[in-house]
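Peer 1: Let me give you the structure first, and then I'll get to my questions.
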Amino acid sequence: MPHAVSAVPEPPATPSVGRVYNFSAGPAAMPESVLGQLREEMFDLFGTGIGLLEQSHRGAAYDRLLAEAFQAVDACSGLGDEWATLFLPGGSMQQFSLMAMNFVPKDGWVAFADTGLWAHKGEHETSCVRRVRKAFDGTACRYDHVPADGEISDCSGAAYLSYCSNNTVEGTQFARPPRVAAPLFCDATSDIFSREYDLAAHDLVFASGQKNLGASGITMVLVRRSLLERADRSLPPMLSYAHFARTESRPNTPPTFGVRVIGLMAKWIADHGGPAAFGPRNRAKAAHIYASIDRSGGFYRPSMRADCRSDMSISFQLPSDALVDRFVAESEREGLCGLRGHREWGGIRACVYNAFPAKGCELLATFMDEFARRNG
């Protein structure tokens with residue numbers, strides 16, 4: 001059970017000397033305590049005299065590492081034994097085709113809530129192997145909000161509805177899972193374990209590692225065991241979620257470093273109160289930046305409707321590209337880095353995942369106020 005919020009320490013507020021505030025969308029900021037532990041373990045894991053990167057994935061040290069990772073993820077997710085945790089090599093994009101191949105009959109189809117760039121790309125990936133239908137088309141509103149239940153078309157007959165809980169490019173976020181007449185599959189890459197969220201309302205949730213879970217090149221999948229029992233058994237083993245579950249996510253040599261990082265990140269989250277504690281903290285962090293946007297008199301133009309604002313990814317436009325360039329250059333001189341928006345969206349984007357210090361949000365808001373005063 002997670003500790004009471006009042007009983008856990010706050011994460012450190014400022015980075016160490018020589019480090020900056022890293023607003024990058026991913027790979028993103030990690031806790032310095034986790035980085036320090038990884039540095040030590042690179043040379044010697046668990047007193048074995050063998051470094052983390054050198055450990056056999058069939059050895060006792062990795063058995064312990066893997067068990068700790070499963071335990072820490074379970075503590076954060078709150079899901080029971082009817083769920084399996086999988087660690088797969090690669091990023092989140094490949095999950096879209098894997099999900100369809102595993103769980104959609106050849107004559108079946110997948111419903112999609114197209115709420116942003118990554119959901120749109122995921123729809124395309126899925127369409128390479130199975131039929132897709134849009135249940136919500138966010139292009140009509142330039143992705144300025146996520147849909148209410150009434151805006152999602154009938155999903156009856158779909159193998160599942162695929163949606164992204166947090167849209168990092170556009171800065172929108174679902175307050176709760178959609179309620180539809182189909183199983184829910186969720187890409188929670190950018191807000192997993194960042195707040196209380198009803199994971200049990202889904203049949204499958206996945207998140208790649210480079211945002212709230214640490215290292216890139218690995219994806220964590222939370223999936224109902226009952227769903228695995230219905231998976232396509234004709235798939236090659238390396239494409240089968242069920243095979244990964246049976247083999248403890250090591251059907252061959254797994255991404256051992258990434259598994260360790262996820263385990264340490266999940267433990268760090270649990271030790272600081274779990275999602276229930278990080279939700280209020282993350283809302284308070286984001287509120288500093290949104291307050292600066294709102295008091296700028298239109299100088300900063302948010303990309304999202306106010307009722308769908310993300311606590312993880314804050315996206316806004318400036319009056320010109322030249323001002324964007326100036327904003328990025330001046331903010332970097334203040335130690336506020338990684339703020340340029342996605343290359344396909346432009347503007348400014350501040351990603352403030354669990355490990356991002358609150359003080360950085362306060363400093364960015366102050367910088368934004370002064371920048372608007374000088375350039376508005």
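Each chain of the structure tokens is named A, B, ... in the order shown, its residues numbered from 1; ligands are numbered from 1 in display order.
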Please list as a PyMOL selection string every residue within 12 Å of A:Leu45, counting only C-alpha atoms and excluding residues in the same chain fewer than 3 positions away.
Peer 2: chain A and resi 37-42+48-56+59-62+64-65+257+260
Peer 1: Write out as JSON, numbers by chain the set of residues from stretch 26-257 of chain A that DSSP, computed on the backbone, places in alpha helix (DSSP H).
Peer 2: {"A": [32, 33, 34, 35, 36, 37, 38, 39, 40, 41, 60, 61, 62, 63, 64, 65, 66, 67, 68, 69, 70, 71, 72, 73, 74, 75, 76, 77, 93, 94, 95, 96, 97, 98, 99, 100, 101, 102, 103, 117, 118, 119, 120, 121, 122, 123, 124, 125, 126, 127, 225, 226, 227, 228, 241, 242, 243, 244, 245, 246, 256, 257]}
Peer 1: Excluding A:Val221 and residues on its chain fewer than 2 positions from it, collect all residues at most 9 Å away from it, counting only C-alpha atoms, and give them as a list in words.
Peer 2: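 Counting only C-alpha atoms, the residues come to Ala84, Thr85, Leu86, Phe87, Leu88, Gln95, Leu204, Val205, Phe206, Ala207, Ser208, Thr219, Val223 and Tyr241 of chain A.
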Peer 1: With C-alpha atoms retained, export the selected residues as a PDB file, in the first residue's frame.
Peer 2:
ATOM      1  CA  ALA A  84       0.721  -9.163 -16.213  1.00  0.00           C
ATOM      2  CA  THR A  85       3.619  -6.718 -16.548  1.00  0.00           C
ATOM      3  CA  LEU A  86       5.738  -7.080 -19.666  1.00  0.00           C
ATOM      4  CA  PHE A  87       9.005  -5.397 -20.632  1.00  0.00           C
ATOM      5  CA  LEU A  88       9.472  -5.265 -24.403  1.00  0.00           C
ATOM      6  CA  GLN A  95       2.963  -1.590 -29.840  1.00  0.00           C
ATOM      7  CA  LEU A 204      -4.117  -3.002 -21.865  1.00  0.00           C
ATOM      8  CA  VAL A 205      -1.935   0.003 -20.984  1.00  0.00           C
ATOM      9  CA  PHE A 206       1.540   0.644 -22.338  1.00  0.00           C
ATOM     10  CA  ALA A 207       4.243   3.241 -21.837  1.00  0.00           C
ATOM     11  CA  SER A 208       7.688   3.542 -23.347  1.00  0.00           C
ATOM     12  CA  THR A 219       8.295  -0.322 -23.342  1.00  0.00           C
ATOM     13  CA  VAL A 223      -2.196  -6.370 -19.778  1.00  0.00           C
ATOM     14  CA  TYR A 241       2.599 -10.791 -25.748  1.00  0.00           C
TER      15      TYR A 241
END
Peer 1: Between A:Gly273, A:Pro237, A:Gly91, A:Pro105, single out the one closest to A:Pro251, counting only C-alpha atoms.
Peer 2: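 Among A:Gly273, A:Pro237, A:Gly91, A:Pro105, it is A:Pro237 that comes nearest to A:Pro251.
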Peer 1: For the interface of stretch 247-351 of chain A with stretch 116-135 of chain A (cut-off 10 Å, counting only C-alpha atoms), please tabulate each contacting residue of stretch 247-351 of chain A alongside its nearest pair of atoms and their separation in Å to one decimal, rows sorted by chain and increasing number, as a Markdown table.
Peer 2:
| residue | atom | partner | partner_atom | distance |
| --- | --- | --- | --- | --- |
| A:His342 | CA | A:Leu117 | CA | 10.0 |
| A:Glu344 | CA | A:Leu117 | CA | 8.6 |
| A:Trp345 | CA | A:Leu117 | CA | 9.0 |
Peer 1: Of the candidates A:Gly263, A:Gly341, A:Pro89, A:Gly171, which one gets nearest to A:Arg305 if we count only C-alpha atoms?
Peer 2: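 Going through A:Gly263, A:Gly341, A:Pro89, A:Gly171 one by one, the smallest distance to A:Arg305 is for A:Gly171.
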Peer 1: Among stretch 73-188 of chain A, which ones does DSSP assign to strand (DSSP E or B) (computed from the backbone)? Answer as a PyMOL selection string.
Peer 2: chain A and resi 83-89+109-114+131-137+161-164+166-167+172-173+184-187
Peer 1: Would you mind exporting the chosen residues as a tab-separated table (two decimals), in the first residue's frame, restricted to C-alpha atoms?
Peer 2:
chain	number	residue	atom	x	y	z
A	83	TRP	CA	-2.68	-8.42	-14.68
A	84	ALA	CA	0.72	-9.16	-16.21
A	85	THR	CA	3.62	-6.72	-16.55
A	86	LEU	CA	5.74	-7.08	-19.67
A	87	PHE	CA	9.00	-5.40	-20.63
A	88	LEU	CA	9.47	-5.27	-24.40
A	89	PRO	CA	12.44	-3.97	-26.39
A	109	TRP	CA	-11.18	-3.58	-36.73
A	110	VAL	CA	-9.82	-1.06	-34.25
A	111	ALA	CA	-11.48	2.19	-33.18
A	112	PHE	CA	-9.16	5.19	-32.74
A	113	ALA	CA	-9.46	8.45	-30.87
A	114	ASP	CA	-7.23	10.67	-33.00
A	131	ARG	CA	-8.64	-2.10	-40.44
A	132	VAL	CA	-9.12	1.09	-38.42
A	133	ARG	CA	-11.98	3.52	-37.96
A	134	LYS	CA	-11.87	6.95	-36.39
A	135	ALA	CA	-14.05	7.22	-33.32
A	136	PHE	CA	-12.92	10.83	-32.88
A	137	ASP	CA	-11.18	13.05	-35.43
A	161	LEU	CA	-10.65	1.64	-28.67
A	162	SER	CA	-7.09	2.93	-28.79
A	163	TYR	CA	-6.39	6.32	-27.26
A	164	CYS	CA	-3.52	8.35	-25.82
A	166	ASN	CA	-1.69	12.52	-22.64
A	167	ASN	CA	-0.78	14.21	-25.92
A	172	THR	CA	-3.95	17.87	-23.89
A	173	GLN	CA	-4.82	15.18	-21.36
A	184	LEU	CA	-9.85	0.23	-23.81
A	185	PHE	CA	-6.20	0.14	-24.88
A	186	CYS	CA	-4.22	3.15	-23.68
A	187	ASP	CA	-0.91	4.70	-24.70
Peer 1: Skipping near chain neighbours, those fewer than 5 positions away, what residues fall within 10 Å of A:Cys361 using only C-alpha atoms, listed as a ChimeraX atom specification?
Peer 2: /A:21,23,284-290,336,350-352,356,366-367
Peer 1: Give me the residues near A:Pro15 as a VMD selection string, where near means some atom within 10 Å (using only C-alpha atoms) and where sequence neighbours in that chain fewer than 2 positions away do not count.
Peer 2: chain A and resid 12 to 13 17 to 22 31 to 32 356 to 357 359 to 360
Peer 1: Neighbours of A:Ala69 within 9 Å (only C-alpha atoms; same-chain residues fewer than 6 positions away dropped), as a ChimeraX atom specification?
Peer 2: /A:259-264,266-267
Peer 1: Mind dumping the selected residues with C-alpha atoms as a PDB file, in the first residue's frame?
Peer 2:
ATOM      1  CA  VAL A 259      14.397  -2.990 -17.065  1.00  0.00           C
ATOM      2  CA  ARG A 260      16.604  -1.846 -14.188  1.00  0.00           C
ATOM      3  CA  VAL A 261      15.829   1.803 -14.894  1.00  0.00           C
ATOM      4  CA  ILE A 262      12.067   1.184 -14.951  1.00  0.00           C
ATOM      5  CA  GLY A 263      12.361  -0.704 -11.680  1.00  0.00           C
ATOM      6  CA  LEU A 264      14.291   2.116 -10.013  1.00  0.00           C
ATOM      7  CA  ALA A 266       8.885   2.967 -10.223  1.00  0.00           C
ATOM      8  CA  LYS A 267      10.448   2.459  -6.788  1.00  0.00           C
TER       9      LYS A 267
END
Peer 1: In terms of the shortest atom-to-atom distance over only C-alpha atoms, which of A:Pro27, A:Leu98, A:Asp321, A:Gly346 is closest to A:Met238?
Peer 2: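 Looking at the shortest contact to A:Met238, the residue is A:Leu98.
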Peer 1: Given only C-alpha atoms as the basis, pick out the residue of A:Ala181, A:Leu318, A:Ala175, A:Leu364 nearest to A:Gly338.
Peer 2: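 Selected residue with least distance to A:Gly338: A:Leu364.
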Peer 1: Considering only C-alpha atoms, can you say which of A:Arg176, A:Arg295, A:Cys337, A:Met304 comes closest to A:Met368?
Peer 2: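 Result for the nearest residue to A:Met368: A:Arg295.
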Peer 1: Mind pulling up the distance from atom CA of A:Tyr160 to atom CA of A:Tyr353?
Peer 2: 28.0 Å
Peer 1: My list of candidates is A:Ala28, A:Ala365, A:Ala270, A:Cys155. Which is closest to A:Ser190 when distances are computed with only C-alpha atoms?
Peer 2: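 Smallest distance to A:Ser190 is found for A:Ala28.
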